[in-house]
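Note: the block below is protein01.cif and it holds mmCIF, C-alpha atoms.
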```cif
data_query
loop_
_atom_site.label_atom_id
_atom_site.label_comp_id
_atom_site.auth_asym_id
_atom_site.auth_seq_id
_atom_site.Cartn_x
_atom_site.Cartn_y
_atom_site.Cartn_z
CA MET D 20 -23.51 32.49 -4.42
CA ILE D 21 -24.46 29.19 -6.02
CA SER D 22 -26.63 26.93 -3.91
CA LYS D 23 -28.76 23.88 -4.55
CA LYS D 24 -31.78 26.14 -4.98
CA ASN D 25 -30.39 28.43 -7.67
CA PHE D 26 -28.31 26.15 -9.91
CA ARG D 27 -30.67 26.75 -12.81
CA PHE D 28 -29.73 30.43 -12.95
CA TYR D 29 -26.07 29.72 -13.77
CA SER D 30 -24.28 28.33 -16.80
CA PHE D 31 -21.36 25.90 -16.63
CA LEU D 32 -18.63 24.31 -18.68
CA VAL D 33 -17.40 20.95 -17.39
CA TYR D 34 -13.77 20.85 -18.56
CA GLY D 35 -12.25 17.37 -18.43
CA LEU D 36 -14.28 14.16 -18.55
CA GLY D 37 -12.39 11.76 -16.34
CA LEU D 38 -13.99 10.29 -13.21
CA THR D 39 -14.49 13.72 -11.66
CA GLY D 40 -15.89 15.35 -14.80
CA LYS D 41 -18.34 12.48 -15.29
CA SER D 42 -19.47 12.81 -11.67
CA VAL D 43 -20.22 16.51 -12.26
CA VAL D 44 -22.27 15.71 -15.39
CA ASN D 45 -24.24 13.05 -13.50
CA PHE D 46 -24.78 15.47 -10.62
CA PHE D 47 -26.13 18.14 -12.98
CA ASN D 48 -28.47 15.64 -14.64
CA LYS D 49 -29.83 14.42 -11.29
CA ASN D 50 -30.39 17.99 -10.13
CA GLU D 51 -32.00 19.05 -13.43
CA VAL D 52 -29.30 21.56 -14.26
CA LYS D 53 -29.80 22.11 -17.99
CA ASN D 54 -27.45 24.99 -18.75
CA PHE D 55 -24.12 23.22 -18.99
CA GLN D 56 -21.73 22.11 -21.72
CA VAL D 57 -18.73 19.77 -21.70
CA TRP D 58 -15.21 19.69 -23.08
CA ASP D 59 -12.36 17.21 -22.97
CA ASP D 60 -9.02 17.72 -24.70
CA GLN D 61 -8.83 14.01 -25.61
CA ASN D 62 -12.31 12.45 -25.62
CA LYS D 63 -14.43 13.97 -28.37
CA ASP D 64 -17.23 11.37 -28.27
CA LEU D 65 -18.37 11.36 -24.64
CA TYR D 66 -21.56 13.41 -24.05
CA ARG D 67 -21.50 14.51 -27.68
CA ASP D 68 -24.98 16.07 -27.31
CA LYS D 69 -23.56 18.46 -24.69
CA ARG D 70 -20.19 19.09 -26.27
CA THR D 71 -19.44 22.77 -26.86
CA VAL D 72 -19.01 23.75 -30.50
CA ASN D 73 -16.94 26.87 -29.85
CA LEU D 74 -14.69 26.46 -26.79
CA THR D 75 -13.34 30.03 -26.86
CA LYS D 76 -16.84 31.54 -26.91
CA THR D 77 -18.12 29.14 -24.25
CA LEU D 78 -15.25 29.95 -21.88
CA LYS D 79 -16.11 33.60 -22.29
CA ASP D 80 -19.88 33.21 -21.89
CA VAL D 81 -20.36 30.71 -19.05
CA ASP D 82 -20.61 31.75 -15.41
CA TYR D 83 -18.39 28.93 -14.11
CA ILE D 84 -15.80 26.50 -15.48
CA ILE D 85 -15.63 23.26 -13.49
CA LEU D 86 -12.10 22.02 -14.03
CA SER D 87 -11.19 18.38 -13.49
CA PRO D 88 -8.15 17.86 -11.21
CA GLY D 89 -6.19 16.11 -13.96
CA VAL D 90 -6.17 19.24 -16.12
CA SER D 91 -3.11 21.44 -15.61
CA LEU D 92 -3.29 25.09 -16.59
CA ARG D 93 0.39 24.84 -17.44
CA LYS D 94 0.07 21.85 -19.79
CA SER D 95 -3.37 22.08 -21.41
CA LYS D 96 -3.32 23.00 -25.07
CA ASN D 97 -5.96 25.63 -24.21
CA LYS D 98 -3.95 27.04 -21.30
CA LYS D 99 -4.03 30.64 -22.55
CA SER D 100 -7.82 30.70 -22.61
CA LEU D 101 -8.11 28.88 -19.28
CA ILE D 102 -5.70 31.28 -17.60
CA LYS D 103 -7.60 34.24 -19.07
CA TYR D 104 -10.81 33.05 -17.38
CA LYS D 105 -9.14 31.61 -14.27
CA ASN D 106 -11.45 33.61 -12.00
CA LYS D 107 -14.38 31.49 -13.27
CA ILE D 108 -12.77 28.15 -12.46
CA ILE D 109 -14.23 26.09 -9.61
CA THR D 110 -14.12 22.39 -8.71
CA ASP D 111 -16.38 19.51 -7.76
CA LEU D 112 -15.34 20.16 -4.16
CA ASP D 113 -16.87 23.63 -4.42
CA LEU D 114 -20.20 22.21 -5.60
CA PHE D 115 -20.10 19.66 -2.80
CA PHE D 116 -19.67 22.37 -0.17
CA LEU D 117 -22.17 24.76 -1.72
CA ILE D 118 -25.02 22.24 -1.60
CA LYS D 119 -23.89 20.98 1.84
CA LYS D 120 -25.86 17.81 2.44
CA PHE D 121 -23.63 16.75 5.38
CA SER D 122 -23.67 17.67 9.08
CA LYS D 123 -19.92 18.31 9.45
CA SER D 124 -16.90 18.02 7.21
CA ILE D 125 -13.28 16.98 7.64
CA VAL D 126 -10.90 17.74 4.76
CA VAL D 127 -7.43 16.19 4.83
CA THR D 128 -4.60 17.32 2.59
CA GLY D 129 -0.81 17.02 2.55
CA THR D 130 1.87 15.30 0.49
CA ASN D 131 2.30 11.95 2.24
CA GLY D 132 -0.19 9.87 4.20
CA LYS D 133 -3.49 11.54 3.25
CA SER D 134 -5.27 8.31 2.34
CA THR D 135 -4.17 6.42 5.43
CA THR D 136 -5.10 9.36 7.68
CA CYS D 137 -8.57 9.55 6.11
CA LYS D 138 -9.10 5.80 6.43
CA ILE D 139 -8.08 5.84 10.09
CA LEU D 140 -10.41 8.79 10.79
CA ALA D 141 -13.32 7.03 9.09
CA HIS D 142 -12.59 3.82 11.01
CA VAL D 143 -12.32 5.55 14.41
CA LEU D 144 -15.46 7.64 13.93
CA LYS D 145 -17.54 4.67 12.77
CA LYS D 146 -16.37 2.63 15.74
CA ASN D 147 -17.58 5.47 17.96
CA ASN D 148 -21.06 5.60 16.40
CA TYR D 149 -20.55 8.57 14.08
CA ARG D 150 -22.15 8.32 10.66
CA THR D 151 -19.37 8.93 8.14
CA VAL D 152 -18.87 9.02 4.38
CA LEU D 153 -15.38 8.95 2.84
CA GLY D 154 -14.41 10.17 -0.63
CA GLY D 155 -12.62 12.70 -2.80
CA ASN D 156 -9.09 11.86 -3.87
CA ILE D 157 -9.62 8.50 -2.16
CA GLY D 158 -12.43 6.33 -3.51
CA ALA D 159 -15.45 7.96 -5.10
CA PRO D 160 -15.57 11.57 -6.36
CA VAL D 161 -17.40 13.69 -3.78
CA LEU D 162 -20.45 14.28 -5.97
CA ASN D 163 -20.97 10.51 -6.24
CA LEU D 164 -21.16 10.03 -2.48
CA LYS D 165 -24.43 8.85 -0.97
CA ILE D 166 -24.70 11.24 1.93
CA ASN D 167 -27.33 12.81 4.15
CA LYS D 168 -27.55 15.59 6.70
CA LYS D 169 -26.58 13.37 9.64
CA ASP D 170 -23.28 12.26 8.08
CA ILE D 171 -19.77 13.56 8.65
CA ALA D 172 -18.03 13.92 5.30
CA ILE D 173 -14.35 12.91 5.36
CA ILE D 174 -12.68 14.19 2.20
CA GLU D 175 -9.15 13.62 0.94
CA ALA D 176 -8.19 16.66 -1.15
CA SER D 177 -5.26 16.82 -3.53
CA SER D 178 -3.38 20.00 -4.39
CA PHE D 179 -4.87 19.70 -7.90
CA GLN D 180 -8.39 19.97 -6.47
CA LEU D 181 -7.58 22.67 -3.94
CA SER D 182 -5.64 24.82 -6.40
CA HIS D 183 -8.82 26.12 -8.07
CA SER D 184 -11.30 25.69 -5.22
CA LYS D 185 -13.09 28.84 -4.09
CA PHE D 186 -15.95 27.80 -1.79
CA ILE D 187 -14.79 24.92 0.42
CA ASN D 188 -14.96 25.62 4.16
CA PRO D 189 -14.55 22.46 6.25
CA ASN D 190 -15.38 22.31 9.94
CA TYR D 191 -12.02 20.58 10.41
CA ALA D 192 -9.25 21.30 7.89
CA ILE D 193 -6.11 19.18 8.25
CA LEU D 194 -2.72 19.80 6.61
CA ILE D 195 -0.49 16.91 7.63
CA ASN D 196 2.74 17.73 5.77
CA ILE D 197 4.18 19.31 2.65
CA THR D 198 7.21 18.01 0.80
CA ASN D 199 8.59 18.45 -2.71
CA ASP D 200 6.01 16.92 -5.07
CA HIS D 201 3.84 17.56 -8.14
CA LEU D 202 6.11 20.32 -9.42
CA ASP D 203 5.39 19.18 -12.96
CA TRP D 204 1.79 20.31 -12.36
CA HIS D 205 2.40 23.34 -10.15
CA GLU D 206 4.59 26.21 -11.27
CA ASN D 207 6.89 26.02 -8.23
CA MET D 208 7.00 25.05 -4.56
CA ASN D 209 5.27 28.27 -3.45
CA ASP D 210 2.39 27.54 -5.81
CA TYR D 211 2.15 24.01 -4.39
CA ILE D 212 2.11 25.28 -0.79
CA ASN D 213 -0.48 27.94 -1.59
CA SER D 214 -2.69 25.29 -3.16
CA LYS D 215 -2.58 23.25 0.03
CA PHE D 216 -3.40 26.33 2.13
CA LYS D 217 -6.65 26.78 0.19
CA VAL D 218 -8.11 24.23 2.60
CA PHE D 219 -8.09 26.96 5.28
CA ALA D 220 -8.99 29.96 3.13
CA ASN D 221 -12.75 30.17 3.82
CA GLN D 222 -12.84 28.94 7.40
CA ASN D 223 -14.41 31.08 10.10
CA LYS D 224 -13.39 31.49 13.74
CA TYR D 225 -15.64 28.60 14.81
CA GLN D 226 -13.91 26.09 12.53
CA PHE D 227 -10.65 24.24 13.26
CA ALA D 228 -7.37 24.31 11.37
CA LEU D 229 -5.00 21.46 12.27
CA ILE D 230 -1.62 22.13 10.72
CA ASN D 231 1.87 20.70 10.59
CA ARG D 232 4.15 22.57 12.99
CA ASN D 233 6.48 23.58 10.14
CA PHE D 234 3.74 25.79 8.66
CA LYS D 235 2.14 27.43 11.68
CA ASN D 236 3.99 30.71 11.11
CA LEU D 237 2.82 30.86 7.51
CA PHE D 238 -0.73 30.23 8.71
CA ARG D 239 -0.46 33.21 11.06
CA LYS D 240 1.19 35.36 8.40
CA LYS D 241 -1.76 34.73 6.07
CA LYS D 242 -4.11 35.88 8.87
CA LEU D 243 -6.44 32.94 8.39
CA LEU D 244 -9.46 32.76 10.68
CA GLY D 245 -9.73 29.09 11.67
CA LYS D 246 -8.79 28.02 15.19
CA LEU D 247 -5.16 27.00 14.83
CA ILE D 248 -4.15 23.67 16.38
CA VAL D 249 -0.65 22.20 16.08
CA PRO D 250 -0.71 18.51 17.10
CA ASN D 251 1.56 17.56 19.99
CA LEU D 252 3.68 14.71 18.63
CA LYS D 253 5.26 13.89 22.01
CA LYS D 254 1.86 13.43 23.65
CA TYR D 255 0.74 11.09 20.89
CA ILE D 256 3.94 8.99 21.12
CA LYS D 257 3.34 8.62 24.84
CA PHE D 258 -0.26 7.56 24.15
CA LYS D 259 0.96 5.09 21.48
CA LEU D 260 2.71 2.99 24.12
CA LYS D 261 -0.71 1.62 25.13
CA MET D 262 -1.53 0.49 21.58
CA LYS D 263 -1.53 -3.12 20.40
CA ASN D 264 -1.87 -2.49 16.66
CA SER D 265 1.56 -3.38 15.23
CA TYR D 266 0.94 -1.44 11.99
CA LEU D 267 0.05 1.83 13.71
CA LYS D 268 2.89 1.43 16.20
CA LEU D 269 5.39 1.89 13.37
CA ASN D 270 7.18 5.24 13.59
CA VAL D 271 6.21 5.94 9.99
CA ASN D 272 2.65 6.68 11.17
CA ASP D 273 3.42 8.90 14.18
CA GLU D 274 3.12 12.37 12.70
CA ASN D 275 -0.09 11.69 10.80
CA MET D 276 -1.57 9.82 13.77
CA SER D 277 -0.94 12.86 15.98
CA PHE D 278 -3.52 14.71 13.84
CA VAL D 279 -6.07 11.93 14.33
CA TYR D 280 -5.32 12.05 18.07
CA GLU D 281 -6.03 15.80 18.22
CA LEU D 282 -9.20 15.54 16.17
CA THR D 283 -10.70 12.82 18.36
CA LYS D 284 -10.24 15.11 21.35
CA LEU D 285 -12.15 17.87 19.51
CA LEU D 286 -14.91 15.35 18.76
CA LYS D 287 -14.99 14.33 22.43
CA ILE D 288 -14.03 10.70 21.85
CA SER D 289 -12.50 9.26 25.02
CA GLN D 290 -8.93 7.99 24.95
CA LYS D 291 -10.16 4.54 25.93
CA ASN D 292 -12.59 4.38 23.00
CA PHE D 293 -9.99 5.86 20.66
CA LEU D 294 -7.50 3.18 21.66
CA ASN D 295 -10.01 0.37 21.23
CA SER D 296 -10.84 1.67 17.76
CA LEU D 297 -7.20 1.83 16.67
CA ASN D 298 -6.50 -1.73 17.73
CA THR D 299 -8.93 -3.01 15.07
CA PHE D 300 -7.59 -0.91 12.18
CA ILE D 301 -6.00 -2.70 9.20
CA GLY D 302 -3.52 -0.74 7.06
CA LEU D 303 -4.15 0.20 3.43
CA PRO D 304 -2.69 -1.89 0.60
CA HIS D 305 0.42 -0.57 -1.18
CA ARG D 306 1.36 1.69 1.76
CA TYR D 307 4.13 -0.03 3.73
CA GLU D 308 2.05 -3.20 3.44
CA ILE D 309 3.74 -6.14 5.15
CA PHE D 310 2.09 -8.89 3.11
CA MET D 311 4.35 -11.90 3.73
CA LYS D 312 6.86 -13.20 6.26
CA LYS D 313 8.81 -16.30 5.33
CA LYS D 314 11.77 -17.70 7.23
CA ASN D 315 14.28 -14.86 7.47
CA CYS D 316 12.50 -12.50 5.03
CA ILE D 317 9.85 -9.81 5.38
CA PHE D 318 8.14 -8.62 2.20
CA ILE D 319 6.85 -5.03 2.09
CA ASN D 320 4.76 -3.52 -0.70
CA ASP D 321 5.14 0.28 -0.61
CA SER D 322 4.16 0.89 -4.23
CA LYS D 323 2.25 4.07 -3.32
CA ALA D 324 5.60 5.77 -2.59
CA THR D 325 5.88 7.84 -5.76
CA SER D 326 8.55 10.25 -4.51
CA PHE D 327 11.73 9.78 -2.50
CA GLN D 328 10.21 11.71 0.40
CA SER D 329 7.53 9.01 0.61
CA THR D 330 10.12 6.23 0.39
CA LYS D 331 12.16 7.69 3.25
CA PHE D 332 9.52 6.55 5.72
CA ALA D 333 9.94 2.92 4.62
CA LEU D 334 13.74 3.11 4.64
CA LYS D 335 13.71 4.51 8.17
CA ASN D 336 11.56 1.70 9.51
CA SER D 337 13.30 -1.34 8.03
CA LYS D 338 16.69 -3.06 8.28
CA ASN D 339 18.77 -5.20 5.90
CA ILE D 340 16.80 -3.86 2.93
CA TYR D 341 16.86 -5.18 -0.61
CA TRP D 342 15.27 -2.12 -2.19
CA ILE D 343 13.44 -2.09 -5.54
CA LEU D 344 13.04 1.41 -7.01
CA GLY D 345 12.48 3.15 -10.30
CA GLY D 346 9.82 4.42 -12.68
CA ILE D 347 9.03 8.00 -13.65
CA PRO D 348 10.78 10.31 -11.16
CA LYS D 349 9.10 13.42 -9.80
CA LYS D 350 10.39 16.76 -11.05
CA LYS D 351 13.38 18.01 -8.98
CA ASP D 352 13.32 14.89 -6.79
CA LYS D 353 16.68 13.93 -5.29
CA ILE D 354 17.71 10.75 -3.50
CA ILE D 355 19.90 11.69 -0.57
CA LEU D 356 20.30 8.71 1.74
CA LYS D 357 22.66 9.96 4.47
CA ASN D 358 21.71 8.06 7.66
CA LEU D 359 19.45 5.71 5.71
CA LYS D 360 22.39 3.98 3.95
CA LYS D 361 23.03 1.75 6.93
CA ASN D 362 19.60 0.15 6.49
CA ILE D 363 20.10 -0.75 2.80
CA LEU D 364 22.05 -3.80 1.62
CA LYS D 365 21.47 -3.26 -2.10
CA SER D 366 19.12 -1.56 -4.55
CA TYR D 367 17.52 -2.91 -7.73
CA LEU D 368 16.62 -0.45 -10.47
CA ILE D 369 13.54 -0.89 -12.64
CA GLY D 370 11.70 1.07 -15.32
CA LYS D 371 12.68 3.24 -18.26
CA ASN D 372 14.63 5.87 -16.30
CA ILE D 373 17.35 3.67 -14.81
CA ASN D 374 20.09 6.19 -15.66
CA PHE D 375 18.40 8.86 -13.53
CA PHE D 376 18.34 6.59 -10.48
CA LYS D 377 21.84 5.26 -11.13
CA LYS D 378 23.26 8.79 -11.10
CA GLN D 379 21.39 9.54 -7.88
CA ILE D 380 22.59 6.51 -5.89
CA LYS D 381 25.84 5.23 -7.45
CA HIS D 382 28.08 6.95 -4.88
CA GLN D 383 25.83 6.00 -1.96
CA ILE D 384 24.81 2.32 -2.15
CA LYS D 385 25.25 -0.84 -4.23
CA PHE D 386 22.85 -1.28 -7.11
CA TYR D 387 21.84 -3.73 -9.82
CA GLU D 388 20.19 -2.71 -13.12
CA ALA D 389 17.30 -5.17 -13.15
CA GLY D 390 14.85 -3.42 -15.45
CA THR D 391 11.76 -5.24 -14.18
CA ILE D 392 10.28 -6.30 -10.85
CA LYS D 393 10.53 -9.96 -11.88
CA LYS D 394 14.28 -9.76 -12.58
CA SER D 395 14.74 -7.78 -9.34
CA ILE D 396 13.08 -10.46 -7.23
CA ILE D 397 15.04 -13.30 -8.83
CA ARG D 398 18.32 -11.44 -8.27
CA ILE D 399 17.34 -10.55 -4.69
CA PHE D 400 16.80 -14.20 -3.80
CA GLN D 401 20.15 -15.09 -5.35
CA ASP D 402 21.83 -12.33 -3.32
CA ILE D 403 20.12 -13.50 -0.11
CA GLN D 404 21.38 -17.05 -0.69
CA ASN D 405 24.93 -15.70 -1.00
CA SER D 406 24.59 -13.60 2.13
CA LYS D 407 24.75 -14.58 5.79
CA LYS D 408 22.44 -11.75 6.88
CA GLN D 409 19.34 -12.64 8.87
CA ASN D 410 15.99 -10.81 9.06
CA ASN D 411 16.10 -9.46 5.53
CA THR D 412 13.55 -6.99 4.10
CA ILE D 413 12.47 -7.18 0.47
CA LEU D 414 11.01 -3.75 -0.19
CA LEU D 415 9.25 -2.28 -3.21
CA SER D 416 9.27 1.46 -2.61
CA PRO D 417 9.81 2.93 -6.08
CA SER D 418 10.20 6.67 -5.31
CA SER D 419 8.50 7.34 -8.63
CA ALA D 420 5.33 7.09 -10.66
CA SER D 421 4.42 3.79 -12.32
CA PHE D 422 3.21 4.84 -15.76
CA ASP D 423 6.31 3.78 -17.70
CA GLN D 424 5.53 0.11 -16.95
CA TYR D 425 2.14 -0.06 -15.20
CA LEU D 426 -1.31 1.47 -15.42
CA ASN D 427 -1.06 2.71 -11.82
CA PHE D 428 0.74 2.10 -8.53
CA GLU D 429 -1.86 -0.52 -7.55
CA LYS D 430 -1.03 -2.69 -10.58
CA ARG D 431 2.68 -2.32 -9.77
CA GLY D 432 2.12 -3.38 -6.16
CA GLU D 433 -0.03 -6.37 -7.11
CA GLU D 434 2.64 -7.55 -9.56
CA PHE D 435 5.29 -7.34 -6.83
CA LYS D 436 3.15 -9.30 -4.37
CA LYS D 437 2.28 -12.00 -6.90
CA LEU D 438 5.87 -12.51 -8.06
CA SER D 439 7.24 -12.43 -4.50
CA LYS D 440 4.94 -15.28 -3.51
CA ILE D 441 5.79 -17.31 -6.63
CA TYR D 442 9.56 -17.02 -6.27
CA ALA D 443 9.57 -17.31 -2.47
CA ARG D 444 8.21 -20.86 -2.88
CA LYS D 445 11.09 -21.61 -5.23
CA TYR D 446 14.01 -20.00 -3.42
CA ILE D 447 13.14 -20.01 0.30
#
```
Represent the structure contained in this file as structure tokens.
Amino acid sequence: MISKKNFRFYSFLVYGLGLTGKSVVNFFNKNEVKNFQVWDDQNKDLYRDKRTVNLTKTLKDVDYIILSPGVSLRKSKNKKSLIKYKNKIITDLDLFFLIKKFSKSIVVTGTNGKSTTCKILAHVLKKNNYRTVLGGNIGAPVLNLKINKKDIAIIEASSFQLSHSKFINPNYAILINITNDHLDWHENMNDYINSKFKVFANQNKYQFALINRNFKNLFRKKKLLGKLIVPNLKKYIKFKLKMKNSYLKLNVNDENMSFVYELTKLLKISQKNFLNSLNTFIGLPHRYEIFMKKKNCIFINDSKATSFQSTKFALKNSKNIYWILGGIPKKKDKIILKNLKKNILKSYLIGKNINFFKKQIKHQIKFYEAGTIKKSIIRIFQDIQNSKKQNNTILLSPSSASFDQYLNFEKRGEEFKKLSKIYARKYI
């Protein structure tokens, strides 16, 4: 097996030169690994001195292919060759675990709430004098982390990373939830679920597997070795009554917080210290971020909600909603509002796929074809002025990716916040 001591005996192809691929190249250079080449389907200039001349031959000859998470075996123009040598594919996560510079590791995966769960874990552990480093799908790629043997590594892992991982074995593996997502990347829902379950694949009987209750039977069916723990949601909700943090008291956080609650017990953090830590936590931007309250309006930036399943959490926890949605919908996503309709006054459609969203909601709620966030906000304020409703919620929760109009969900959220503040001064 590869280890820090024997890297020089293996050959590698780094496939994909985004943030992750670059971190692998830098890691190899720092560790004096000479026998590697690079390839990127788009960028032909980066690391030209290391660029492979014959991709087909290189894929055949190298010991390992380190695939960047953005590269899909289903969509790459070299998919046939990649699939042929799939058994050679590993990830930056594998390298991170093989060299193991940390004392313990916590890997969090799931569809919704991974980043917030990781941030809360890092916050709680630091407040209780644990040395922690946070990275992966949140923040820095794992191979860029400055870490030593006394640190606990907290890693957010996407299904893209886990799909091809072969060597990760966290002390604490956490699967918070799985809902319909990323089916444009994965072949089907079973493939997506199996990717998530890779987080448990190499665990031994002394390591812990914290899993959503909906998947405990599948865990047992796969005969995985980690100590199975299913968080007790009722116990956490009872504990939550003592909390003062208004953000974490929202029901939207309950399920994911139940995992944090269980993990702190395993780490022997007292309930008193846990509670004190939570009361100082500040929520992440773009995730049900209440950024302004003015007169009878609450403004919530939930731009990170890139699927309807993510948006459902916001719709459940708000009333009198003026809802901005739209963008690039996820494959096979459906908007079924049912009991959520009563919370929504009107929706405002943005982006280049308005017809998709119109078909989804036209028999459920009122809508306005705004096209842009700016036009949505102006129309919302006009509608509020014509309404007698109090305690209104202006919510951006797009249920879709941002790339038709914005570079990323962060840019979309910042635009919403900026325009909300500008037009609130004018209309309220």
Residue with smallest distance to Lys254 (chain D) - pool D:Phe238, D:Phe278, D:Phe332, D:Tyr83, counting all atoms listed in the file: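 Ranking D:Phe238, D:Phe278, D:Phe332, D:Tyr83 by distance to Lys254 (chain D), first place goes to D:Phe278.
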Coordinates-based distance that separates CA of Met311 (chain D) from CA of Gly346 (chain D) (Å, one decimal):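 Distance reported for this atom pair: 23.8 Å.
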Given the PyMOL selection byres ((chain D and resi 265) around 12), the residues it picks as number ranges by chain: D: 259-264, 266-272, 297-302, 308-309
May I have the selected residues written with C-alpha atoms, as a PDB file, in the frame of the given file?
```pdb
ATOM      1  CA  LYS D 259       0.960   5.090  21.480  1.00  0.00           C
ATOM      2  CA  LEU D 260       2.710   2.990  24.120  1.00  0.00           C
ATOM      3  CA  LYS D 261      -0.710   1.620  25.130  1.00  0.00           C
ATOM      4  CA  MET D 262      -1.530   0.490  21.580  1.00  0.00           C
ATOM      5  CA  LYS D 263      -1.530  -3.120  20.400  1.00  0.00           C
ATOM      6  CA  ASN D 264      -1.870  -2.490  16.660  1.00  0.00           C
ATOM      7  CA  TYR D 266       0.940  -1.440  11.990  1.00  0.00           C
ATOM      8  CA  LEU D 267       0.050   1.830  13.710  1.00  0.00           C
ATOM      9  CA  LYS D 268       2.890   1.430  16.200  1.00  0.00           C
ATOM     10  CA  LEU D 269       5.390   1.890  13.370  1.00  0.00           C
ATOM     11  CA  ASN D 270       7.180   5.240  13.590  1.00  0.00           C
ATOM     12  CA  VAL D 271       6.210   5.940   9.990  1.00  0.00           C
ATOM     13  CA  ASN D 272       2.650   6.680  11.170  1.00  0.00           C
ATOM     14  CA  LEU D 297      -7.200   1.830  16.670  1.00  0.00           C
ATOM     15  CA  ASN D 298      -6.500  -1.730  17.730  1.00  0.00           C
ATOM     16  CA  THR D 299      -8.930  -3.010  15.070  1.00  0.00           C
ATOM     17  CA  PHE D 300      -7.590  -0.910  12.180  1.00  0.00           C
ATOM     18  CA  ILE D 301      -6.000  -2.700   9.200  1.00  0.00           C
ATOM     19  CA  GLY D 302      -3.520  -0.740   7.060  1.00  0.00           C
ATOM     20  CA  GLU D 308       2.050  -3.200   3.440  1.00  0.00           C
ATOM     21  CA  ILE D 309       3.740  -6.140   5.150  1.00  0.00           C
TER      22      ILE D 309
END
```
Nearest candidate to Val126 (chain D) (options D:Lys217, D:Arg70, D:Arg93, D:Arg239; using all atoms listed in the file):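 Among the listed residues, D:Lys217 lies closest to Val126 (chain D).
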Counting only C-alpha atoms, the option among D:Leu194, D:Leu78, D:Leu368, D:Leu252 closest to Lys105 (chain D):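 Closest residue, counting only C-alpha atoms: D:Leu78.
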Would you compute the box with edges along x, y and z of the file around region 251-262 of chain D, including every atom the file lists for it and 3 Å extra on each side, and give its centre and edge lengths in Å to one decimal, as JSON?
```
{"center_x": 1.9, "center_y": 9.0, "center_z": 21.9, "size_x": 12.8, "size_y": 23.1, "size_z": 12.5}
```
Picked residues, the PyMOL selection byres ((chain D and resi 334) around 9), as a list of chain:residue names: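 Against this file, the PyMOL selection byres ((chain D and resi 334) around 9) returns the residues D:Thr330, D:Lys331, D:Phe332, D:Ala333, D:Lys335, D:Asn336, D:Ser337, D:Lys338, D:Ile340, D:Trp342, D:Leu359, D:Lys360, D:Asn362, D:Ile363, D:Leu414, D:Ser416.
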Output check: residues returned by the PyMOL selection byres ((chain D and resi 296) around 10), as a list in words: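 Selected by the PyMOL selection byres ((chain D and resi 296) around 10) in this file: Ile139, Leu140, His142, Val143, Leu144, Lys145, Lys146, Asn147, Asn264, Gln290, Lys291, Asn292, Phe293, Leu294, Asn295, Leu297, Asn298, Thr299 and Phe300 of chain D.
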Coordinates-based distance that separates CA of Ile84 (chain D) from CA of Tyr34 (chain D) (Å, one decimal): 6.7 Å
Pick from D:Val218, D:Ile355, D:Ile193, D:Ile392 nearest to Lys437 (chain D), counting only C-alpha atoms: D:Ile392
List every residue of region 303-380 of chain D that has an atom at most 9 Å from any atom of region 397-402 of chain D, and for each one report the closest atom pair and its distance in Å to one decimal, counting all atoms listed in the file, with rows sorted by chain and then by increasing residue number, as JSON lines.
```
{"residue": "D:Tyr341", "atom": "CA", "partner": "D:Ile399", "partner_atom": "CA", "distance": 6.8}
{"residue": "D:Lys365", "atom": "CA", "partner": "D:Ile399", "partner_atom": "CA", "distance": 8.8}
{"residue": "D:Tyr367", "atom": "CA", "partner": "D:Ile399", "partner_atom": "CA", "distance": 8.2}
```
Top pick for closest residue to Pro348 (chain D), considering D:Asn97, D:Asn374, D:Asn25, D:Ser418 and counting only C-alpha atoms: D:Ser418
Å distance separating CA of Tyr211 (chain D) from CA of Ile197 (chain D), one decimal place: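 About the pair CA of Tyr211 (chain D) and CA of Ile197 (chain D): they are 8.7 Å apart.
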Of the listed residues D:Met20, D:Val127, D:Leu38, D:Ile403, that which approaches Ala159 (chain D) most closely, counting only C-alpha atoms: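 Going through D:Met20, D:Val127, D:Leu38, D:Ile403 one by one, the smallest distance to Ala159 (chain D) is for D:Leu38.
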For Gly40 (chain D): contacts at 12 Å, only C-alpha atoms, fewer than 6 positions along chain excluded, given as a PyMOL selection string: chain D and resi 32-34+46-47+56-59+62+65-66+84-90+110-112+160-163
For region 315-324 of chain D: contacts at 10 Å, all atoms listed in the file, fewer than 2 positions along chain excluded, given as a count of residues only: 57
Point (23.8, 8.6, -5.8), cut-off 12 Å, counting all atoms listed in the file, residues as a list in words: Lys353, Ile354, Ile355, Leu356, Lys357, Lys360, Ser366, Asn374, Phe375, Phe376, Lys377, Lys378, Gln379, Ile380, Lys381, His382, Gln383, Ile384, Lys385 and Phe386 of chain D
